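K.L.:
See model.cif below, with mmCIF, C-alpha atoms.
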```cif
data_coords
#
loop_
_atom_site.label_atom_id
_atom_site.label_comp_id
_atom_site.auth_asym_id
_atom_site.auth_seq_id
_atom_site.Cartn_x
_atom_site.Cartn_y
_atom_site.Cartn_z
CA MET A 1064 5.53 17.54 14.00
CA ARG A 1065 1.93 17.07 15.08
CA GLN A 1066 0.69 13.55 15.71
CA ARG A 1067 -2.71 11.87 15.50
CA ALA A 1068 -3.89 8.70 17.19
CA ILE A 1069 -5.05 5.37 15.81
CA GLY A 1070 -7.72 4.03 18.13
CA GLY A 1071 -6.43 6.19 20.95
CA ARG A 1072 -3.44 3.83 21.23
CA ILE A 1073 -0.87 4.49 18.51
CA ASP A 1074 0.34 8.01 17.76
CA VAL A 1075 1.62 8.59 14.24
CA SER A 1076 3.19 11.73 12.80
CA GLU A 1077 0.97 13.61 10.35
CA VAL A 1078 3.56 12.97 7.65
CA GLY A 1079 4.68 9.38 7.21
CA PHE A 1080 7.85 8.17 5.50
CA GLY A 1081 6.99 5.95 2.53
CA ALA A 1082 9.89 3.54 2.15
CA ALA A 1083 9.21 2.03 -1.29
CA GLN A 1084 12.15 4.02 -2.68
CA LEU A 1085 14.40 2.32 -0.13
CA GLY A 1086 13.62 -0.84 -2.10
CA ASN A 1087 15.04 0.77 -5.28
CA LEU A 1088 11.66 1.67 -6.75
CA TYR A 1089 12.24 2.41 -10.46
CA ARG A 1090 15.97 3.07 -9.96
CA LYS A 1091 18.79 2.30 -7.58
CA THR A 1092 19.09 4.10 -4.27
CA SER A 1093 22.35 3.74 -2.37
CA ASP A 1094 22.63 2.54 1.22
CA VAL A 1095 23.98 5.97 2.12
CA GLU A 1096 21.03 7.79 0.52
CA ALA A 1097 18.60 5.50 2.32
CA ALA A 1098 20.22 6.07 5.71
CA GLU A 1099 20.40 9.82 5.15
CA ALA A 1100 16.72 9.92 4.16
CA VAL A 1101 15.64 8.21 7.38
CA GLN A 1102 17.91 10.47 9.45
CA ALA A 1103 16.48 13.57 7.76
CA ALA A 1104 12.96 12.31 8.42
CA TRP A 1105 13.80 11.81 12.07
CA ASP A 1106 15.34 15.28 12.30
CA ARG A 1107 12.18 16.85 10.83
CA GLY A 1108 9.89 15.07 13.29
CA ILE A 1109 8.62 12.16 11.19
CA ARG A 1110 7.97 9.17 13.43
CA TYR A 1111 5.84 6.95 11.19
CA PHE A 1112 7.60 4.72 8.66
CA ASP A 1113 5.78 2.52 6.14
CA THR A 1114 7.34 -0.39 4.27
CA ALA A 1115 6.46 -3.80 2.80
CA PRO A 1116 8.15 -7.06 1.73
CA HIS A 1117 7.06 -6.22 -1.82
CA TYR A 1118 9.35 -3.17 -1.91
CA GLY A 1119 12.54 -4.52 -3.45
CA VAL A 1120 11.72 -8.07 -2.26
CA GLY A 1121 12.70 -7.22 1.31
CA LEU A 1122 15.38 -4.59 0.62
CA SER A 1123 13.23 -1.72 1.90
CA GLU A 1124 12.58 -3.50 5.21
CA LEU A 1125 16.27 -4.32 5.62
CA ARG A 1126 17.39 -0.74 5.02
CA LEU A 1127 14.67 0.76 7.18
CA GLY A 1128 15.47 -1.60 10.03
CA ARG A 1129 19.16 -0.71 9.91
CA ALA A 1130 18.41 3.01 9.83
CA LEU A 1131 16.13 2.78 12.88
CA GLN A 1132 18.54 0.72 14.96
CA GLY A 1133 19.49 2.34 18.25
CA ARG A 1134 16.48 4.64 18.37
CA PRO A 1135 14.01 4.29 21.28
CA ARG A 1136 11.49 1.65 20.19
CA ASP A 1137 8.50 3.48 21.63
CA ALA A 1138 9.50 6.68 19.80
CA PHE A 1139 8.54 5.48 16.30
CA VAL A 1140 5.84 3.53 14.50
CA VAL A 1141 6.48 1.04 11.70
CA SER A 1142 3.89 -0.44 9.38
CA THR A 1143 4.45 -3.27 6.95
CA LYS A 1144 2.22 -5.49 4.84
CA VAL A 1145 1.24 -9.10 4.24
CA GLY A 1146 -0.13 -11.01 1.26
CA ARG A 1147 2.90 -11.28 -0.99
CA ALA A 1148 5.02 -14.19 0.24
CA LEU A 1149 8.71 -14.01 -0.68
CA ILE A 1150 10.07 -17.24 -2.19
CA PRO A 1151 13.90 -17.45 -2.45
CA THR A 1152 15.32 -17.57 -5.99
CA PRO A 1153 19.06 -18.10 -5.50
CA ALA A 1154 19.67 -18.94 -9.17
CA ARG A 1155 18.24 -15.61 -10.32
CA ALA A 1156 20.20 -13.74 -7.67
CA ALA A 1157 23.43 -15.56 -8.60
CA ALA A 1158 22.86 -14.59 -12.23
CA GLY A 1159 22.77 -10.93 -11.22
CA LEU A 1160 19.16 -10.42 -12.31
CA LEU A 1161 17.14 -7.50 -11.02
CA ASP A 1162 13.50 -7.36 -9.92
CA ASP A 1163 12.81 -4.74 -12.58
CA GLU A 1164 9.76 -6.53 -14.00
CA ASN A 1165 8.04 -5.49 -10.76
CA GLY A 1166 9.41 -1.96 -10.88
CA PHE A 1167 12.33 -2.41 -8.48
CA ALA A 1168 16.00 -2.15 -9.46
CA ALA A 1169 16.87 -4.54 -6.64
CA PRO A 1170 18.58 -7.95 -6.77
CA ALA A 1171 16.08 -10.68 -7.65
CA THR A 1172 16.75 -12.66 -4.49
CA HIS A 1173 13.10 -13.70 -4.20
CA GLN A 1174 9.90 -13.96 -6.19
CA ARG A 1175 6.45 -13.08 -4.89
CA LYS A 1176 3.47 -15.35 -4.36
CA TRP A 1177 0.03 -14.13 -3.37
CA ASP A 1178 -0.85 -15.70 -0.02
CA PHE A 1179 -3.47 -14.48 2.44
CA SER A 1180 -3.71 -17.80 4.29
CA ARG A 1181 -3.10 -17.98 8.03
CA ASP A 1182 0.27 -19.65 7.56
CA GLY A 1183 1.21 -17.20 4.83
CA VAL A 1184 0.41 -14.21 7.03
CA LEU A 1185 2.30 -15.64 10.01
CA ARG A 1186 5.36 -16.41 7.89
CA SER A 1187 5.23 -12.95 6.32
CA ILE A 1188 5.20 -11.20 9.69
CA GLU A 1189 8.00 -13.43 10.94
CA GLY A 1190 10.10 -12.53 7.90
CA SER A 1191 9.38 -8.82 8.29
CA LEU A 1192 10.35 -8.87 11.96
CA GLY A 1193 13.67 -10.46 11.03
CA ARG A 1194 14.46 -8.00 8.24
CA LEU A 1195 13.41 -4.99 10.32
CA GLY A 1196 15.21 -6.24 13.45
CA LEU A 1197 12.13 -5.51 15.58
CA ASP A 1198 10.23 -7.48 18.20
CA ARG A 1199 6.82 -6.19 17.10
CA ILE A 1200 5.07 -4.58 14.15
CA ASP A 1201 3.00 -1.52 15.00
CA ILE A 1202 0.64 -1.72 12.00
CA ALA A 1203 0.14 -4.63 9.59
CA TYR A 1204 -1.86 -4.11 6.40
CA LEU A 1205 -3.25 -6.67 3.97
CA HIS A 1206 -1.43 -5.55 0.81
CA ASP A 1207 -3.53 -4.97 -2.33
CA PRO A 1208 -5.99 -7.87 -1.89
CA ASP A 1209 -8.08 -6.66 -4.87
CA ASP A 1210 -8.51 -10.14 -6.36
CA TYR A 1211 -8.49 -12.01 -3.05
CA TRP A 1212 -11.43 -10.68 -1.04
CA ASP A 1213 -12.64 -14.10 0.14
CA GLU A 1214 -9.26 -15.18 1.51
CA ALA A 1215 -8.11 -11.78 2.73
CA SER A 1216 -11.35 -10.99 4.58
CA THR A 1217 -11.37 -14.36 6.35
CA SER A 1218 -8.09 -16.20 6.92
CA GLY A 1219 -5.98 -13.10 6.25
CA ILE A 1220 -7.71 -10.75 8.66
CA ASP A 1221 -8.26 -13.54 11.21
CA ALA A 1222 -4.51 -14.20 11.31
CA LEU A 1223 -3.83 -10.51 11.86
CA VAL A 1224 -6.43 -10.42 14.66
CA GLU A 1225 -4.63 -13.37 16.25
CA LEU A 1226 -1.29 -11.55 16.05
CA ARG A 1227 -2.86 -8.41 17.47
CA GLU A 1228 -4.22 -10.36 20.44
CA GLN A 1229 -0.72 -11.77 21.03
CA GLY A 1230 0.85 -8.31 20.92
CA VAL A 1231 3.04 -9.16 17.93
CA VAL A 1232 1.07 -6.55 15.96
CA ARG A 1233 -0.57 -3.53 17.56
CA ALA A 1234 -3.04 -2.48 14.83
CA ILE A 1235 -4.33 -4.14 11.67
CA GLY A 1236 -5.99 -3.15 8.42
CA ALA A 1237 -5.70 -3.16 4.65
CA GLY A 1238 -3.88 -0.99 2.13
CA MET A 1239 -5.17 -0.57 -1.43
CA ASN A 1240 -5.36 1.68 -4.48
CA GLN A 1241 -9.15 1.70 -4.32
CA ALA A 1242 -11.74 2.90 -1.83
CA GLU A 1243 -14.59 0.49 -2.57
CA MET A 1244 -13.07 -2.67 -1.10
CA LEU A 1245 -11.56 -0.74 1.80
CA THR A 1246 -15.12 0.32 2.60
CA GLN A 1247 -16.03 -3.37 2.77
CA PHE A 1248 -13.14 -4.09 5.11
CA ILE A 1249 -14.31 -1.30 7.41
CA ALA A 1250 -17.90 -2.55 7.25
CA HIS A 1251 -17.28 -6.27 7.76
CA CYS A 1252 -13.87 -6.78 9.43
CA ASP A 1253 -12.31 -5.86 12.75
CA VAL A 1254 -9.80 -3.36 11.39
CA ASP A 1255 -8.17 -0.43 13.19
CA VAL A 1256 -6.85 1.48 10.17
CA VAL A 1257 -6.87 1.45 6.38
CA MET A 1258 -4.37 2.91 3.93
CA VAL A 1259 -5.97 4.38 0.81
CA ALA A 1260 -3.61 5.21 -2.05
CA GLY A 1261 -4.56 7.84 -4.61
CA ARG A 1262 -8.26 7.98 -3.75
CA HIS A 1263 -8.28 10.71 -1.11
CA THR A 1264 -6.27 13.42 -2.81
CA LEU A 1265 -6.71 16.99 -3.95
CA LEU A 1266 -7.63 15.66 -7.40
CA ASP A 1267 -9.27 12.26 -6.76
CA ARG A 1268 -11.84 12.29 -3.95
CA ARG A 1269 -13.57 8.95 -4.40
CA ALA A 1270 -12.85 7.95 -0.80
CA GLN A 1271 -15.24 10.69 0.33
CA ASP A 1272 -18.26 8.95 -1.20
CA GLU A 1273 -18.57 6.04 1.25
CA MET A 1274 -15.23 5.09 2.78
CA LEU A 1275 -14.49 8.18 4.86
CA PRO A 1276 -18.04 8.57 6.25
CA LEU A 1277 -18.00 4.91 7.31
CA ALA A 1278 -14.53 5.28 8.83
CA HIS A 1279 -15.88 8.13 10.95
CA GLU A 1280 -18.89 6.05 11.97
CA ARG A 1281 -16.80 2.99 12.93
CA GLY A 1282 -13.89 4.85 14.48
CA VAL A 1283 -11.43 3.46 11.93
CA ALA A 1284 -8.35 5.56 11.20
CA VAL A 1285 -7.30 6.38 7.63
CA VAL A 1286 -3.80 6.78 6.24
CA SER A 1287 -3.67 8.58 2.89
CA ALA A 1288 -0.91 7.58 0.46
CA ALA A 1289 -0.01 8.44 -3.14
CA VAL A 1290 -1.21 12.01 -2.57
CA TYR A 1291 0.50 13.18 -5.77
CA ASN A 1292 -1.52 10.68 -7.85
CA SER A 1293 1.63 9.10 -9.33
CA GLY A 1294 3.35 12.39 -9.97
CA LEU A 1295 0.59 14.54 -11.45
CA LEU A 1296 0.42 16.82 -8.40
CA SER A 1297 4.11 16.68 -7.46
CA SER A 1298 5.23 19.76 -9.40
CA PRO A 1299 4.03 23.38 -9.28
CA VAL A 1300 3.68 23.26 -13.07
CA VAL A 1301 1.72 20.33 -14.53
CA ARG A 1302 3.64 18.91 -17.46
CA ASP A 1303 2.13 17.65 -20.71
CA ASP A 1304 3.68 14.22 -20.05
CA ALA A 1305 2.57 14.01 -16.41
CA THR A 1306 1.67 10.60 -15.03
CA TYR A 1307 -1.54 9.66 -13.24
CA ASP A 1308 -2.33 6.28 -11.68
CA TYR A 1309 0.99 4.84 -12.91
CA GLY A 1310 0.40 5.76 -16.54
CA PRO A 1311 0.13 8.78 -18.86
CA ALA A 1312 -2.39 11.29 -17.55
CA PRO A 1313 -5.48 11.81 -19.73
CA VAL A 1314 -5.92 15.25 -21.26
CA ASP A 1315 -8.97 16.12 -19.11
CA VAL A 1316 -7.16 15.10 -15.92
CA ILE A 1317 -4.18 17.30 -16.84
CA ALA A 1318 -6.58 20.20 -17.46
CA HIS A 1319 -8.19 19.67 -14.05
CA ALA A 1320 -4.80 19.59 -12.32
CA ARG A 1321 -3.79 22.80 -14.08
CA ARG A 1322 -6.93 24.54 -12.82
CA LEU A 1323 -5.94 23.54 -9.29
CA ALA A 1324 -2.35 24.70 -9.91
CA ASP A 1325 -3.59 28.09 -11.11
CA ILE A 1326 -5.55 28.54 -7.89
CA THR A 1327 -2.57 27.70 -5.70
CA THR A 1328 -0.31 30.05 -7.65
CA ARG A 1329 -2.76 32.93 -7.23
CA HIS A 1330 -2.70 32.36 -3.49
CA GLY A 1331 1.09 32.24 -3.24
CA ILE A 1332 1.54 28.52 -2.62
CA THR A 1333 2.23 25.53 -4.86
CA LEU A 1334 0.18 22.59 -6.05
CA PRO A 1335 2.36 20.10 -4.09
CA ASP A 1336 1.87 22.16 -0.90
CA ALA A 1337 -1.87 21.68 -1.18
CA ALA A 1338 -1.55 18.04 -2.26
CA VAL A 1339 0.38 17.09 0.87
CA GLN A 1340 -1.94 18.91 3.25
CA TYR A 1341 -5.33 18.23 1.69
CA PRO A 1342 -6.02 14.73 3.10
CA LEU A 1343 -5.31 15.91 6.65
CA ARG A 1344 -8.28 18.26 6.47
CA ASP A 1345 -10.46 15.24 7.27
CA PRO A 1346 -10.15 14.29 10.96
CA ALA A 1347 -10.39 10.58 10.16
CA VAL A 1348 -7.04 10.84 8.39
CA VAL A 1349 -4.17 10.33 10.82
CA SER A 1350 -1.21 10.57 8.44
CA VAL A 1351 -0.17 11.31 4.87
CA VAL A 1352 2.47 8.83 3.67
CA VAL A 1353 4.80 10.19 1.00
CA GLY A 1354 7.52 8.23 -0.76
CA MET A 1355 10.96 9.71 -0.09
CA ARG A 1356 14.25 8.60 -1.63
CA ASN A 1357 16.78 10.97 -0.09
CA ALA A 1358 17.20 13.79 2.43
CA THR A 1359 16.32 16.44 -0.16
CA GLN A 1360 12.93 14.84 -0.84
CA VAL A 1361 12.30 14.52 2.90
CA ASN A 1362 12.97 18.18 3.52
CA SER A 1363 10.87 19.35 0.56
CA THR A 1364 7.97 17.17 1.73
CA VAL A 1365 8.02 18.55 5.26
CA ASP A 1366 8.38 22.09 3.92
CA ARG A 1367 5.22 21.51 1.88
CA TYR A 1368 3.44 20.17 4.96
CA GLU A 1369 4.46 23.26 6.97
CA THR A 1370 3.47 25.87 4.34
CA PRO A 1371 0.58 28.03 5.63
CA ILE A 1372 -2.56 27.74 3.49
CA SER A 1373 -5.46 30.12 4.03
CA ASP A 1374 -9.10 29.14 4.46
CA GLU A 1375 -9.85 31.19 1.36
CA THR A 1376 -7.47 29.03 -0.68
CA TRP A 1377 -9.05 25.82 0.59
CA THR A 1378 -12.53 27.12 -0.20
CA GLU A 1379 -11.56 27.87 -3.79
CA LEU A 1380 -9.80 24.51 -4.19
CA GLU A 1381 -12.83 22.67 -2.79
CA THR A 1382 -15.13 24.49 -5.20
CA ALA A 1383 -12.90 23.64 -8.13
#
```
Take the structure in the file and give it back as structure tokens.
P.N.:
Amino acid sequence: MRQRAIGGRIDVSEVGFGAAQLGNLYRKTSDVEAAEAVQAAWDRGIRYFDTAPHYGVGLSELRLGRALQGRPRDAFVVSTKVGRALIPTPARAAAGLLDDENGFAAPATHQRKWDFSRDGVLRSIEGSLGRLGLDRIDIAYLHDPDDYWDEASTSGIDALVELREQGVVRAIGAGMNQAEMLTQFIAHCDVDVVMVAGRHTLLDRRAQDEMLPLAHERGVAVVSAAVYNSGLLSSPVVRDDATYDYGPAPVDVIAHARRLADITTRHGITLPDAAVQYPLRDPAVVSVVVGMRNATQVNSTVDRYETPISDETWTELETA
């Protein structure tokens, strides 16, 4: 699989493995499924793996770390996130409760607390290193600091800069479901990379207004996530009950997606093929991170990435 560089220092595969499902996102995933998914990703050339403490209150990091054990450390890149401190809740865990109120069918061993302070960031990285079984984190993102700009852009980013200088972290940035604040991080903070979820996709191109041009200007890399817009673009046929931005898709959005699907069908490809490849058309984008639960999803994702798409198809999709 082709790779692209972050700051000329860190090479990431053009498709990244999104490990939220390894934290039992929405439903349980077995240890075997998780291990097989990572193995399939490795076999297909994926070398960038993205996780976070938030995903199953640490379960995703634990499973990913186990699956990567024994592989050459310099052969893969791992990103994780800071900002949601994990506070142990042994009583809830002993009662057999699940973290389903946060969307994860994982044991409620911890609860989350927003914390972008220096100490919070340092403790978060220390915890992630332990769960992953690694001696360094390749990329650390501030995780969804939408309501915490003041703290995240000062103590949060300063702590990550400190860790980068120490070599504990190799690259730093922020990951969000919006482009506007990421633009501010690029403009005002010493970031290497940002992860934009759902805002640089075949359907939703808001990141192209200001964020991507500024990323080009500043030499900041971009990772594009949630390229299916919460499922809307994940199927060749757009369903009436399709989801968009974690909720029911509005009628006009469904109509727009169906116009795009009609174009892809006429050109002999599928809507998901184009959705996976579209963000990589911008040279600032170094990787597309896709959530994958099992080996089947890994293989279908890489197949979509490898499907040839003509310039004529892209021109028509751009016009639409």
K.L.:
What residues come out when you apply the PyMOL selection byres ((chain A and resi 1110) around 6) to this file, written as JSON, numbers by chain?
P.N.:
{"A": [1076, 1109, 1111, 1139]}
K.L.:
Taking only C-alpha atoms into account, which of A:Asp1074, A:Asp1366, A:Asp1303, A:Asp1178 comes nearest Arg1233 (chain A)?
P.N.:
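Looking only at the distances to Arg1233 (chain A), the closest residue turns out to be A:Asp1074.
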K.L.:
Have a look at A:Pro1116, A:Pro1342, A:Gly1166, A:Gly1086 and name the one nearest to Ser1142 (chain A); count only C-alpha atoms.
P.N.:
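Among the listed residues, A:Pro1116 lies closest to Ser1142 (chain A).
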K.L.:
Using Å and a single decimal, report how far CA of Val1145 (chain A) sits from CA of Val1184 (chain A).
P.N.:
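Those two atoms sit 5.9 Å apart.
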K.L.:
Please evaluate the PyMOL selection byres ((chain A and resi 1239) around 10) against the displayed coordinates and give the resulting residues as a CSV table (one decimal) with C-alpha atoms, in the coordinates of the input.
P.N.:
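What landed in part-v1.csv:
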```csv
chain,number,residue,atom,x,y,z
A,1204,TYR,CA,-1.9,-4.1,6.4
A,1205,LEU,CA,-3.2,-6.7,4.0
A,1206,HIS,CA,-1.4,-5.6,0.8
A,1207,ASP,CA,-3.5,-5.0,-2.3
A,1208,PRO,CA,-6.0,-7.9,-1.9
A,1209,ASP,CA,-8.1,-6.7,-4.9
A,1237,ALA,CA,-5.7,-3.2,4.6
A,1238,GLY,CA,-3.9,-1.0,2.1
A,1240,ASN,CA,-5.4,1.7,-4.5
A,1241,GLN,CA,-9.2,1.7,-4.3
A,1242,ALA,CA,-11.7,2.9,-1.8
A,1243,GLU,CA,-14.6,0.5,-2.6
A,1244,MET,CA,-13.1,-2.7,-1.1
A,1245,LEU,CA,-11.6,-0.7,1.8
A,1257,VAL,CA,-6.9,1.4,6.4
A,1258,MET,CA,-4.4,2.9,3.9
A,1259,VAL,CA,-6.0,4.4,0.8
A,1260,ALA,CA,-3.6,5.2,-2.0
A,1261,GLY,CA,-4.6,7.8,-4.6
A,1262,ARG,CA,-8.3,8.0,-3.8
A,1288,ALA,CA,-0.9,7.6,0.5
```
K.L.:
Considering all atoms listed in the file, state which residue in the set A:Leu1088, A:Leu1127, A:Ala1222, A:Ala1068 is at the smallest distance from Gly1193 (chain A).
P.N.:
A:Leu1127
K.L.:
For each of A:Val1224, A:Leu1185, A:Ala1104, A:Ile1372, take the minimum atom-to-atom distance to Leu1131 (chain A), counting all atoms listed in the file, then give the residue where this is smallest.
P.N.:
A:Ala1104
K.L.:
Evaluated on this file, the PyMOL selection byres ((chain A and resi 1331) around 12) picks out some residues - which ones are they, written as a VMD selection string?
P.N.:
chain A and resid 1299 1324 to 1330 1332 to 1334 1336 to 1337 1370 to 1373 1375 to 1376
K.L.:
Model the absent atoms of region 1197-1212 of chain A so that N, CA, C and O atoms are present, and write the result as a compact mmCIF listing (two decimals), in the frame of the given file.
P.N.:
```txt
# COMPACT_ATOMS: atom_id res chain seq x y z
N LEU A 1197 13.05 -5.97 14.54
CA LEU A 1197 12.13 -5.51 15.58
C LEU A 1197 11.47 -6.69 16.28
O LEU A 1197 11.43 -7.80 15.76
N ASP A 1198 10.93 -6.43 17.47
CA ASP A 1198 10.23 -7.48 18.20
C ASP A 1198 8.72 -7.37 18.07
O ASP A 1198 7.98 -8.20 18.58
N ARG A 1199 8.26 -6.34 17.37
CA ARG A 1199 6.82 -6.19 17.10
C ARG A 1199 6.64 -5.31 15.88
O ARG A 1199 7.51 -4.52 15.53
N ILE A 1200 5.49 -5.45 15.25
CA ILE A 1200 5.07 -4.58 14.15
C ILE A 1200 3.94 -3.70 14.68
O ILE A 1200 2.99 -4.21 15.29
N ASP A 1201 4.04 -2.40 14.48
CA ASP A 1201 3.00 -1.52 15.00
C ASP A 1201 1.71 -1.62 14.21
O ASP A 1201 0.61 -1.68 14.78
N ILE A 1202 1.82 -1.63 12.87
CA ILE A 1202 0.64 -1.72 12.00
C ILE A 1202 0.93 -2.73 10.90
O ILE A 1202 1.97 -2.66 10.25
N ALA A 1203 0.01 -3.66 10.69
CA ALA A 1203 0.14 -4.63 9.59
C ALA A 1203 -1.07 -4.48 8.68
O ALA A 1203 -2.22 -4.58 9.13
N TYR A 1204 -0.79 -4.26 7.39
CA TYR A 1204 -1.86 -4.11 6.40
C TYR A 1204 -1.90 -5.34 5.49
O TYR A 1204 -0.85 -5.86 5.08
N LEU A 1205 -3.09 -5.78 5.12
CA LEU A 1205 -3.25 -6.67 3.97
C LEU A 1205 -2.91 -5.85 2.73
O LEU A 1205 -3.48 -4.78 2.52
N HIS A 1206 -2.00 -6.36 1.89
CA HIS A 1206 -1.43 -5.55 0.81
C HIS A 1206 -2.12 -5.85 -0.52
O HIS A 1206 -1.97 -6.93 -1.08
N ASP A 1207 -2.90 -4.89 -1.01
CA ASP A 1207 -3.53 -4.97 -2.33
C ASP A 1207 -4.30 -6.27 -2.56
O ASP A 1207 -4.06 -6.98 -3.55
N PRO A 1208 -5.25 -6.61 -1.70
CA PRO A 1208 -5.99 -7.87 -1.89
C PRO A 1208 -7.15 -7.75 -2.88
O PRO A 1208 -8.20 -8.41 -2.72
N ASP A 1209 -6.99 -6.95 -3.93
CA ASP A 1209 -8.08 -6.66 -4.87
C ASP A 1209 -8.76 -7.92 -5.41
O ASP A 1209 -9.99 -7.96 -5.52
N ASP A 1210 -7.97 -8.92 -5.76
CA ASP A 1210 -8.51 -10.14 -6.36
C ASP A 1210 -8.65 -11.28 -5.36
O ASP A 1210 -8.88 -12.43 -5.76
N TYR A 1211 -8.53 -10.95 -4.07
CA TYR A 1211 -8.49 -12.01 -3.05
C TYR A 1211 -9.39 -11.68 -1.86
O TYR A 1211 -9.04 -11.97 -0.72
N TRP A 1212 -10.54 -11.08 -2.13
CA TRP A 1212 -11.43 -10.68 -1.04
C TRP A 1212 -11.78 -11.84 -0.13
O TRP A 1212 -11.69 -11.73 1.10
```
